[in-house]
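> Got a structure for you, input16.pdb, holding PDB, C-alpha atoms and all ligand atoms.
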```pdb
ATOM      1  CA  MET A   1      41.862 131.137-116.405  1.00  0.00           C
ATOM      2  CA  LEU A   2      39.936 127.937-116.695  1.00  0.00           C
ATOM      3  CA  LEU A   3      37.600 127.844-119.664  1.00  0.00           C
ATOM      4  CA  HIS A   4      34.540 125.843-118.809  1.00  0.00           C
ATOM      5  CA  LYS A   5      33.058 126.193-122.260  1.00  0.00           C
ATOM      6  CA  THR A   6      35.179 125.204-125.250  1.00  0.00           C
ATOM      7  CA  PRO A   7      35.553 128.250-127.487  1.00  0.00           C
ATOM      8  CA  ILE A   8      33.866 127.967-130.877  1.00  0.00           C
ATOM      9  CA  ILE A   9      37.192 128.849-132.526  1.00  0.00           C
ATOM     10  CA  ALA A  10      38.759 125.591-131.281  1.00  0.00           C
ATOM     11  CA  GLN A  11      35.863 123.598-132.693  1.00  0.00           C
ATOM     12  CA  TRP A  12      36.250 125.423-135.984  1.00  0.00           C
ATOM     13  CA  LEU A  13      40.024 124.858-136.153  1.00  0.00           C
ATOM     14  CA  TYR A  14      39.691 121.138-135.502  1.00  0.00           C
ATOM     15  CA  PRO A  15      36.468 120.100-137.234  1.00  0.00           C
ATOM     16  CA  ASP A  16      37.568 116.440-137.411  1.00  0.00           C
ATOM     17  CA  LEU A  17      37.521 116.067-133.654  1.00  0.00           C
ATOM     18  CA  VAL A  18      34.263 115.413-131.829  1.00  0.00           C
ATOM     19  CA  TRP A  19      33.214 118.285-129.542  1.00  0.00           C
ATOM     20  CA  LYS A  20      29.573 117.549-128.944  1.00  0.00           C
ATOM     21  CA  ARG A  21      26.751 115.520-130.410  1.00  0.00           C
ATOM     22  CA  SER A  22      23.565 116.569-132.153  1.00  0.00           C
ATOM     23  CA  SER A  23      21.137 118.134-129.746  1.00  0.00           C
ATOM     24  CA  GLU A  24      17.778 116.725-130.837  1.00  0.00           C
ATOM     25  CA  GLU A  25      17.557 114.442-127.845  1.00  0.00           C
ATOM     26  CA  LYS A  26      17.858 115.328-124.159  1.00  0.00           C
ATOM     27  CA  VAL A  27      21.072 113.401-123.726  1.00  0.00           C
ATOM     28  CA  ILE A  28      24.296 114.282-121.980  1.00  0.00           C
ATOM     29  CA  TYR A  29      27.508 112.369-122.562  1.00  0.00           C
ATOM     30  CA  LEU A  30      29.430 112.070-119.313  1.00  0.00           C
ATOM     31  CA  THR A  31      33.120 111.323-119.639  1.00  0.00           C
ATOM     32  CA  PHE A  32      35.634 110.455-116.927  1.00  0.00           C
ATOM     33  CA  ASP A  33      39.352 110.742-117.560  1.00  0.00           C
ATOM     34  CA  ASP A  34      42.507 109.353-115.959  1.00  0.00           C
ATOM     35  CA  GLY A  35      41.287 106.231-114.118  1.00  0.00           C
ATOM     36  CA  PRO A  36      40.729 103.510-113.261  1.00  0.00           C
ATOM     37  CA  ILE A  37      41.915 103.855-109.673  1.00  0.00           C
ATOM     38  CA  PRO A  38      40.751 102.459-106.313  1.00  0.00           C
ATOM     39  CA  VAL A  39      38.105 104.285-104.266  1.00  0.00           C
ATOM     40  CA  VAL A  40      37.337 107.036-106.798  1.00  0.00           C
ATOM     41  CA  THR A  41      36.374 104.904-109.814  1.00  0.00           C
ATOM     42  CA  PRO A  42      34.217 102.496-107.730  1.00  0.00           C
ATOM     43  CA  TRP A  43      32.497 105.530-106.175  1.00  0.00           C
ATOM     44  CA  VAL A  44      31.775 106.946-109.639  1.00  0.00           C
ATOM     45  CA  LEU A  45      30.364 103.598-110.770  1.00  0.00           C
ATOM     46  CA  LYS A  46      28.089 103.401-107.761  1.00  0.00           C
ATOM     47  CA  THR A  47      26.866 106.968-108.259  1.00  0.00           C
ATOM     48  CA  LEU A  48      26.178 106.421-111.959  1.00  0.00           C
ATOM     49  CA  GLU A  49      24.223 103.299-111.149  1.00  0.00           C
ATOM     50  CA  GLU A  50      21.991 105.206-108.739  1.00  0.00           C
ATOM     51  CA  PHE A  51      20.958 107.456-111.611  1.00  0.00           C
ATOM     52  CA  ASN A  52      20.863 104.719-114.214  1.00  0.00           C
ATOM     53  CA  ALA A  53      23.514 106.689-116.076  1.00  0.00           C
ATOM     54  CA  LYS A  54      26.027 105.378-118.583  1.00  0.00           C
ATOM     55  CA  ALA A  55      29.316 107.103-119.256  1.00  0.00           C
ATOM     56  CA  THR A  56      32.568 106.869-121.163  1.00  0.00           C
ATOM     57  CA  PHE A  57      35.839 106.383-119.319  1.00  0.00           C
ATOM     58  CA  PHE A  58      39.052 107.514-120.979  1.00  0.00           C
ATOM     59  CA  CYS A  59      41.522 105.284-119.225  1.00  0.00           C
ATOM     60  CA  VAL A  60      45.236 105.654-118.726  1.00  0.00           C
ATOM     61  CA  GLY A  61      46.849 102.388-119.844  1.00  0.00           C
ATOM     62  CA  GLU A  62      49.135 102.268-116.848  1.00  0.00           C
ATOM     63  CA  ASN A  63      46.141 102.439-114.502  1.00  0.00           C
ATOM     64  CA  VAL A  64      44.344  99.665-116.362  1.00  0.00           C
ATOM     65  CA  PHE A  65      47.480  97.562-115.945  1.00  0.00           C
ATOM     66  CA  LYS A  66      47.641  98.323-112.214  1.00  0.00           C
ATOM     67  CA  HIS A  67      43.946  97.915-111.444  1.00  0.00           C
ATOM     68  CA  PRO A  68      42.522  95.260-113.765  1.00  0.00           C
ATOM     69  CA  GLU A  69      39.731  94.340-111.343  1.00  0.00           C
ATOM     70  CA  ILE A  70      38.387  97.896-111.304  1.00  0.00           C
ATOM     71  CA  PHE A  71      38.633  98.104-115.067  1.00  0.00           C
ATOM     72  CA  ARG A  72      36.724  94.846-115.371  1.00  0.00           C
ATOM     73  CA  GLU A  73      33.995  96.147-113.095  1.00  0.00           C
ATOM     74  CA  LEU A  74      33.764  99.254-115.220  1.00  0.00           C
ATOM     75  CA  ILE A  75      33.175  97.401-118.482  1.00  0.00           C
ATOM     76  CA  GLN A  76      30.837  94.919-116.848  1.00  0.00           C
ATOM     77  CA  SER A  77      28.681  97.833-115.718  1.00  0.00           C
ATOM     78  CA  GLY A  78      28.016  98.668-119.362  1.00  0.00           C
ATOM     79  CA  HIS A  79      30.083 101.822-119.701  1.00  0.00           C
ATOM     80  CA  ALA A  80      32.192 102.624-122.729  1.00  0.00           C
ATOM     81  CA  VAL A  81      35.946 102.939-122.526  1.00  0.00           C
ATOM     82  CA  GLY A  82      38.429 104.911-124.543  1.00  0.00           C
ATOM     83  CA  ASN A  83      42.174 105.274-124.849  1.00  0.00           C
ATOM     84  CA  HIS A  84      43.898 108.109-122.960  1.00  0.00           C
ATOM     85  CA  THR A  85      47.488 107.005-123.783  1.00  0.00           C
ATOM     86  CA  TYR A  86      49.546 104.678-121.580  1.00  0.00           C
ATOM     87  CA  HIS A  87      51.498 107.340-119.699  1.00  0.00           C
ATOM     88  CA  HIS A  88      49.128 110.315-119.934  1.00  0.00           C
ATOM     89  CA  LEU A  89      51.323 112.097-122.458  1.00  0.00           C
ATOM     90  CA  ASN A  90      51.092 115.738-123.419  1.00  0.00           C
ATOM     91  CA  GLY A  91      50.879 115.694-127.223  1.00  0.00           C
ATOM     92  CA  TRP A  92      52.412 119.133-127.604  1.00  0.00           C
ATOM     93  CA  GLU A  93      55.559 117.947-125.831  1.00  0.00           C
ATOM     94  CA  THR A  94      55.855 114.519-127.449  1.00  0.00           C
ATOM     95  CA  ASP A  95      56.899 113.659-130.978  1.00  0.00           C
ATOM     96  CA  ALA A  96      54.370 111.916-133.177  1.00  0.00           C
ATOM     97  CA  THR A  97      56.145 108.537-133.289  1.00  0.00           C
ATOM     98  CA  GLU A  98      56.464 108.358-129.525  1.00  0.00           C
ATOM     99  CA  TYR A  99      52.869 109.488-129.101  1.00  0.00           C
ATOM    100  CA  LEU A 100      51.531 106.782-131.408  1.00  0.00           C
ATOM    101  CA  LYS A 101      53.637 104.168-129.615  1.00  0.00           C
ATOM    102  CA  ASP A 102      52.170 105.156-126.274  1.00  0.00           C
ATOM    103  CA  PHE A 103      48.652 105.156-127.721  1.00  0.00           C
ATOM    104  CA  LEU A 104      49.206 101.614-129.052  1.00  0.00           C
ATOM    105  CA  LYS A 105      50.596 100.445-125.717  1.00  0.00           C
ATOM    106  CA  CYS A 106      47.394 101.608-124.048  1.00  0.00           C
ATOM    107  CA  GLU A 107      45.345  99.933-126.771  1.00  0.00           C
ATOM    108  CA  GLU A 108      47.195  96.679-126.174  1.00  0.00           C
ATOM    109  CA  GLU A 109      46.188  96.886-122.510  1.00  0.00           C
ATOM    110  CA  LEU A 110      42.539  97.518-123.422  1.00  0.00           C
ATOM    111  CA  ARG A 111      42.532  94.608-125.858  1.00  0.00           C
ATOM    112  CA  LYS A 112      43.366  92.200-123.051  1.00  0.00           C
ATOM    113  CA  PHE A 113      39.800  92.888-121.938  1.00  0.00           C
ATOM    114  CA  ASN A 114      38.415  92.665-125.473  1.00  0.00           C
ATOM    115  CA  GLN A 115      38.054  96.420-125.703  1.00  0.00           C
ATOM    116  CA  HIS A 116      39.066  97.982-128.982  1.00  0.00           C
ATOM    117  CA  GLY A 117      40.481 101.440-129.455  1.00  0.00           C
ATOM    118  CA  ARG A 118      37.496 103.089-131.096  1.00  0.00           C
ATOM    119  CA  LEU A 119      37.568 106.205-128.929  1.00  0.00           C
ATOM    120  CA  PHE A 120      40.516 108.349-127.986  1.00  0.00           C
ATOM    121  CA  ARG A 121      40.901 111.462-125.885  1.00  0.00           C
ATOM    122  CA  PRO A 122      44.246 113.261-125.861  1.00  0.00           C
ATOM    123  CA  PRO A 123      45.427 114.056-122.312  1.00  0.00           C
ATOM    124  CA  TYR A 124      45.059 117.801-121.565  1.00  0.00           C
ATOM    125  CA  GLY A 125      43.210 118.040-124.888  1.00  0.00           C
ATOM    126  CA  LYS A 126      46.620 118.630-126.437  1.00  0.00           C
ATOM    127  CA  ILE A 127      47.231 116.947-129.743  1.00  0.00           C
ATOM    128  CA  THR A 128      49.056 118.102-132.876  1.00  0.00           C
ATOM    129  CA  ARG A 129      47.617 117.816-136.358  1.00  0.00           C
ATOM    130  CA  LYS A 130      50.194 115.168-137.213  1.00  0.00           C
ATOM    131  CA  GLN A 131      49.285 113.053-134.193  1.00  0.00           C
ATOM    132  CA  ALA A 132      45.583 113.437-134.940  1.00  0.00           C
ATOM    133  CA  LYS A 133      46.182 112.349-138.531  1.00  0.00           C
ATOM    134  CA  GLN A 134      47.923 109.176-137.362  1.00  0.00           C
ATOM    135  CA  LEU A 135      44.829 108.351-135.340  1.00  0.00           C
ATOM    136  CA  SER A 136      42.341 109.262-138.032  1.00  0.00           C
ATOM    137  CA  SER A 137      40.808 105.778-137.978  1.00  0.00           C
ATOM    138  CA  ARG A 138      39.665 106.470-134.399  1.00  0.00           C
ATOM    139  CA  GLN A 139      37.196 108.951-133.065  1.00  0.00           C
ATOM    140  CA  ILE A 140      38.997 111.694-131.210  1.00  0.00           C
ATOM    141  CA  ILE A 141      36.654 112.864-128.506  1.00  0.00           C
ATOM    142  CA  MET A 142      37.090 116.338-127.071  1.00  0.00           C
ATOM    143  CA  TRP A 143      34.372 118.111-125.076  1.00  0.00           C
ATOM    144  CA  ASP A 144      32.257 121.214-124.986  1.00  0.00           C
ATOM    145  CA  VAL A 145      32.032 121.423-121.178  1.00  0.00           C
ATOM    146  CA  LEU A 146      34.961 121.161-118.788  1.00  0.00           C
ATOM    147  CA  SER A 147      33.734 120.664-115.232  1.00  0.00           C
ATOM    148  CA  GLY A 148      37.012 121.916-113.733  1.00  0.00           C
ATOM    149  CA  ASP A 149      36.728 119.240-111.044  1.00  0.00           C
ATOM    150  CA  PHE A 150      40.539 118.784-111.042  1.00  0.00           C
ATOM    151  CA  SER A 151      41.194 122.400-110.015  1.00  0.00           C
ATOM    152  CA  ASP A 152      42.078 123.024-106.370  1.00  0.00           C
ATOM    153  CA  LYS A 153      41.303 126.697-106.952  1.00  0.00           C
ATOM    154  CA  LEU A 154      37.631 126.010-107.545  1.00  0.00           C
ATOM    155  CA  LYS A 155      35.143 125.361-104.798  1.00  0.00           C
ATOM    156  CA  PRO A 156      32.866 122.352-105.249  1.00  0.00           C
ATOM    157  CA  LYS A 157      29.873 124.675-105.499  1.00  0.00           C
ATOM    158  CA  THR A 158      31.468 126.594-108.378  1.00  0.00           C
ATOM    159  CA  VAL A 159      32.310 123.386-110.213  1.00  0.00           C
ATOM    160  CA  LEU A 160      28.675 122.315-109.931  1.00  0.00           C
ATOM    161  CA  GLU A 161      27.210 125.674-110.967  1.00  0.00           C
ATOM    162  CA  LYS A 162      29.422 126.040-114.034  1.00  0.00           C
ATOM    163  CA  SER A 163      28.921 122.443-115.082  1.00  0.00           C
ATOM    164  CA  ILE A 164      25.162 122.945-114.982  1.00  0.00           C
ATOM    165  CA  ARG A 165      25.239 126.356-116.618  1.00  0.00           C
ATOM    166  CA  TYR A 166      27.194 125.253-119.694  1.00  0.00           C
ATOM    167  CA  SER A 167      25.664 121.837-120.325  1.00  0.00           C
ATOM    168  CA  ARG A 168      23.152 121.421-123.147  1.00  0.00           C
ATOM    169  CA  ALA A 169      21.443 118.566-124.942  1.00  0.00           C
ATOM    170  CA  GLY A 170      24.249 116.736-126.742  1.00  0.00           C
ATOM    171  CA  SER A 171      26.998 118.075-124.499  1.00  0.00           C
ATOM    172  CA  ILE A 172      30.128 116.082-123.790  1.00  0.00           C
ATOM    173  CA  ILE A 173      31.289 116.949-120.282  1.00  0.00           C
ATOM    174  CA  VAL A 174      34.661 116.086-118.748  1.00  0.00           C
ATOM    175  CA  PHE A 175      35.038 114.821-115.200  1.00  0.00           C
ATOM    176  CA  HIS A 176      38.002 112.970-113.708  1.00  0.00           C
ATOM    177  CA  ASP A 177      38.114 109.789-111.692  1.00  0.00           C
ATOM    178  CA  SER A 178      41.333 110.951-110.064  1.00  0.00           C
ATOM    179  CA  LEU A 179      42.346 111.675-106.476  1.00  0.00           C
ATOM    180  CA  LYS A 180      42.894 115.315-107.303  1.00  0.00           C
ATOM    181  CA  ALA A 181      39.318 115.752-108.462  1.00  0.00           C
ATOM    182  CA  PHE A 182      37.643 113.588-105.854  1.00  0.00           C
ATOM    183  CA  GLU A 183      36.525 116.266-103.418  1.00  0.00           C
ATOM    184  CA  ASN A 184      34.926 118.380-106.136  1.00  0.00           C
ATOM    185  CA  LEU A 185      33.517 115.317-107.833  1.00  0.00           C
ATOM    186  CA  GLN A 186      31.838 113.939-104.718  1.00  0.00           C
ATOM    187  CA  PHE A 187      29.933 117.161-104.348  1.00  0.00           C
ATOM    188  CA  THR A 188      29.245 117.812-108.019  1.00  0.00           C
ATOM    189  CA  LEU A 189      28.416 114.514-109.684  1.00  0.00           C
ATOM    190  CA  PRO A 190      25.288 113.438-107.747  1.00  0.00           C
ATOM    191  CA  ARG A 191      23.855 116.970-107.838  1.00  0.00           C
ATOM    192  CA  TYR A 192      24.621 117.369-111.518  1.00  0.00           C
ATOM    193  CA  LEU A 193      22.929 114.067-112.323  1.00  0.00           C
ATOM    194  CA  GLU A 194      19.947 114.916-110.164  1.00  0.00           C
ATOM    195  CA  HIS A 195      19.539 118.323-111.795  1.00  0.00           C
ATOM    196  CA  PHE A 196      19.489 117.022-115.365  1.00  0.00           C
ATOM    197  CA  GLN A 197      17.541 113.872-114.585  1.00  0.00           C
ATOM    198  CA  SER A 198      14.764 115.987-113.080  1.00  0.00           C
ATOM    199  CA  LYS A 199      14.694 117.923-116.357  1.00  0.00           C
ATOM    200  CA  GLY A 200      14.149 114.728-118.330  1.00  0.00           C
ATOM    201  CA  PHE A 201      17.721 114.123-119.483  1.00  0.00           C
ATOM    202  CA  THR A 202      19.367 110.739-119.834  1.00  0.00           C
ATOM    203  CA  PHE A 203      23.081 109.981-119.721  1.00  0.00           C
ATOM    204  CA  LYS A 204      24.592 107.792-122.403  1.00  0.00           C
ATOM    205  CA  ALA A 205      27.955 106.360-123.322  1.00  0.00           C
ATOM    206  CA  LEU A 206      29.573 107.526-126.537  1.00  0.00           C
TER     207      LEU A 206
HETATM  208 ZN    ZN A 301      43.777 113.126-118.546  1.00  0.00          ZN
END
```
Would you mind giving the structure from this file in structure tokens?
Ligand SMILES: [Zn+2]

Amino acid sequence: MLLHKTPIIAQWLYPDLVWKRSSEEKVIYLTFDDGPIPVVTPWVLKTLEEFNAKATFFCVGENVFKHPEIFRELIQSGHAVGNHTYHHLNGWETDATEYLKDFLKCEEELRKFNQHGRLFRPPYGKITRKQAKQLSSRQIIMWDVLSGDFSDKLKPKTVLEKSIRYSRAGSIIVFHDSLKAFENLQFTLPRYLEHFQSKGFTFKAL
């Protein structure tokens, strides 16, 4: 089963990780994982611009290496970027030394564009305590709302409805600028932005 809302227990077990922000302001933090890639990432950028929305992109180092021009466009559009490892590693299946090495390789790629490694999101949300400790100088950004856009079992309409239902002021929501998610994303993202914009929300980078 896909959990759209992060269980409170997870937030309680890992209090050092960031799950959501304070909810005094009507702000939603959009995040996009796994890019940058052709077609999908440029489409996301265009859509965000239409709604004057800023977001945070957790980039896979390998994709930054392959598509520097898309990455450059992304940072020039005023969005924030974070590290998502170089090879999209699963922390639960990777030892801590290897994991850190891959993190640093991604950081090296980001630094070529003068981006530092302030923000990190573990692929699949899977990170061990030891790995998290090694990265304690960074902000590890999780989420409180998972759109489920990557799931081929979910219809676009369901992805949209659940994303709207679980989002609150201060929410950090996960989308993906990946080919797998594109069909769901194309339906969901503009409608999601429209819904919350009409309710007076703004969308900011972390
Ligand atoms: Zn990912």
> Evaluate the PyMOL selection byres (((chain A and resi 157) around 12) and not hetatm) against this structure - the residues, as a PDB file with C-alpha atoms, in the frame of the given file, please.

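Below is the file that was written, out.pdb:
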```pdb
ATOM      1  CA  SER A 147      33.734 120.664-115.232  1.00  0.00           C
ATOM      2  CA  GLY A 148      37.012 121.916-113.733  1.00  0.00           C
ATOM      3  CA  ASP A 149      36.728 119.240-111.044  1.00  0.00           C
ATOM      4  CA  LYS A 153      41.303 126.697-106.952  1.00  0.00           C
ATOM      5  CA  LEU A 154      37.631 126.010-107.545  1.00  0.00           C
ATOM      6  CA  LYS A 155      35.143 125.361-104.798  1.00  0.00           C
ATOM      7  CA  PRO A 156      32.866 122.352-105.249  1.00  0.00           C
ATOM      8  CA  THR A 158      31.468 126.594-108.378  1.00  0.00           C
ATOM      9  CA  VAL A 159      32.310 123.386-110.213  1.00  0.00           C
ATOM     10  CA  LEU A 160      28.675 122.315-109.931  1.00  0.00           C
ATOM     11  CA  GLU A 161      27.210 125.674-110.967  1.00  0.00           C
ATOM     12  CA  LYS A 162      29.422 126.040-114.034  1.00  0.00           C
ATOM     13  CA  SER A 163      28.921 122.443-115.082  1.00  0.00           C
ATOM     14  CA  ILE A 164      25.162 122.945-114.982  1.00  0.00           C
ATOM     15  CA  GLU A 183      36.525 116.266-103.418  1.00  0.00           C
ATOM     16  CA  ASN A 184      34.926 118.380-106.136  1.00  0.00           C
ATOM     17  CA  LEU A 185      33.517 115.317-107.833  1.00  0.00           C
ATOM     18  CA  GLN A 186      31.838 113.939-104.718  1.00  0.00           C
ATOM     19  CA  PHE A 187      29.933 117.161-104.348  1.00  0.00           C
ATOM     20  CA  THR A 188      29.245 117.812-108.019  1.00  0.00           C
ATOM     21  CA  LEU A 189      28.416 114.514-109.684  1.00  0.00           C
ATOM     22  CA  ARG A 191      23.855 116.970-107.838  1.00  0.00           C
ATOM     23  CA  TYR A 192      24.621 117.369-111.518  1.00  0.00           C
TER      24      TYR A 192
END
```
> Please identify the residues whose atoms come within 8 Å of ligand ZN 301 (chain A), using only C-alpha atoms and all ligand atoms, and report them as a PyMOL selection string.
chain A and resi 33-34+58+60+84+88+122-124+176
> Might you spell out which residues the PyMOL selection byres (((chain A and resi 47) around 12) and not hetatm) would select in the displayed file, as a VMD selection string?
chain A and resid 40 to 46 48 to 55 77 185 to 194
> Quick one: residues within 8 Å of region 94-106 of chain A, all atoms listed in the file, excluding same-chain residues fewer than 3 positions away - as a VMD selection string?
chain A and resid 60 to 62 83 to 87 89 to 91 109 to 110 130 to 131 134 to 135
> Around the point (31.3, 119.8, -121.7) in the file's coordinates, collect all residues with an atom within 7 Å, using all atoms listed in the file, and return them as a PyMOL selection string.
chain A and resi 5+143-147+167+171-174
> Where atoms are missing, can you supply N, CA and C atoms for region 132-160 of chain A and output the lot as a compact mmCIF listing (two decimals), in the coordinates of the input?

```
# COMPACT_ATOMS: atom_id res chain seq x y z
N ALA A 132 47.00 113.69 -134.67
CA ALA A 132 45.58 113.44 -134.94
C ALA A 132 45.42 112.67 -136.25
N LYS A 133 46.25 113.01 -137.23
CA LYS A 133 46.18 112.35 -138.53
C LYS A 133 46.53 110.86 -138.41
N GLN A 134 47.52 110.57 -137.57
CA GLN A 134 47.92 109.18 -137.36
C GLN A 134 46.79 108.35 -136.75
N LEU A 135 45.91 109.05 -136.04
CA LEU A 135 44.83 108.35 -135.34
C LEU A 135 43.49 108.56 -136.05
N SER A 136 43.57 108.87 -137.34
CA SER A 136 42.34 109.26 -138.03
C SER A 136 41.33 108.12 -138.17
N SER A 137 41.78 106.88 -137.93
CA SER A 137 40.81 105.78 -137.98
C SER A 137 40.01 105.68 -136.67
N ARG A 138 40.38 106.48 -135.69
CA ARG A 138 39.66 106.47 -134.40
C ARG A 138 38.84 107.74 -134.29
N GLN A 139 37.92 107.72 -133.36
CA GLN A 139 37.20 108.95 -133.06
C GLN A 139 37.92 109.69 -131.96
N ILE A 140 38.34 110.89 -132.23
CA ILE A 140 39.00 111.69 -131.21
C ILE A 140 37.94 112.55 -130.52
N ILE A 141 37.75 112.24 -129.25
CA ILE A 141 36.65 112.86 -128.51
C ILE A 141 37.18 113.99 -127.64
N MET A 142 36.74 115.20 -127.92
CA MET A 142 37.09 116.34 -127.07
C MET A 142 35.91 116.60 -126.13
N TRP A 143 35.50 117.81 -125.97
CA TRP A 143 34.37 118.11 -125.08
C TRP A 143 33.88 119.51 -125.38
N ASP A 144 32.69 119.82 -124.94
CA ASP A 144 32.26 121.21 -124.99
C ASP A 144 32.11 121.80 -123.59
N VAL A 145 32.10 120.92 -122.56
CA VAL A 145 32.03 121.42 -121.18
C VAL A 145 33.13 120.77 -120.33
N LEU A 146 33.92 121.63 -119.70
CA LEU A 146 34.96 121.16 -118.79
C LEU A 146 34.47 121.46 -117.37
N SER A 147 34.30 120.41 -116.58
CA SER A 147 33.73 120.66 -115.23
C SER A 147 34.71 121.45 -114.36
N GLY A 148 36.01 121.27 -114.60
CA GLY A 148 37.01 121.92 -113.73
C GLY A 148 37.18 121.21 -112.41
N ASP A 149 36.68 119.99 -112.32
CA ASP A 149 36.73 119.24 -111.04
C ASP A 149 38.16 119.04 -110.52
N PHE A 150 39.14 119.04 -111.43
CA PHE A 150 40.54 118.78 -111.04
C PHE A 150 41.20 120.00 -110.40
N SER A 151 40.55 121.16 -110.48
CA SER A 151 41.19 122.40 -110.02
C SER A 151 41.04 122.59 -108.51
N ASP A 152 42.18 122.78 -107.81
CA ASP A 152 42.08 123.02 -106.37
C ASP A 152 41.76 124.49 -106.08
N LYS A 153 41.67 125.28 -107.13
CA LYS A 153 41.30 126.70 -106.95
C LYS A 153 39.78 126.89 -106.99
N LEU A 154 39.08 125.88 -107.44
CA LEU A 154 37.63 126.01 -107.54
C LEU A 154 36.94 125.31 -106.39
N LYS A 155 35.94 125.98 -105.84
CA LYS A 155 35.14 125.36 -104.80
C LYS A 155 34.15 124.38 -105.44
N PRO A 156 33.81 123.31 -104.70
CA PRO A 156 32.87 122.35 -105.25
C PRO A 156 31.58 123.00 -105.79
N LYS A 157 31.10 124.01 -105.09
CA LYS A 157 29.87 124.68 -105.50
C LYS A 157 30.03 125.35 -106.86
N THR A 158 31.19 125.93 -107.10
CA THR A 158 31.47 126.59 -108.38
C THR A 158 31.54 125.57 -109.50
N VAL A 159 32.20 124.45 -109.20
CA VAL A 159 32.31 123.39 -110.21
C VAL A 159 30.91 122.94 -110.63
N LEU A 160 30.05 122.75 -109.64
CA LEU A 160 28.68 122.32 -109.93
C LEU A 160 27.92 123.37 -110.75
```
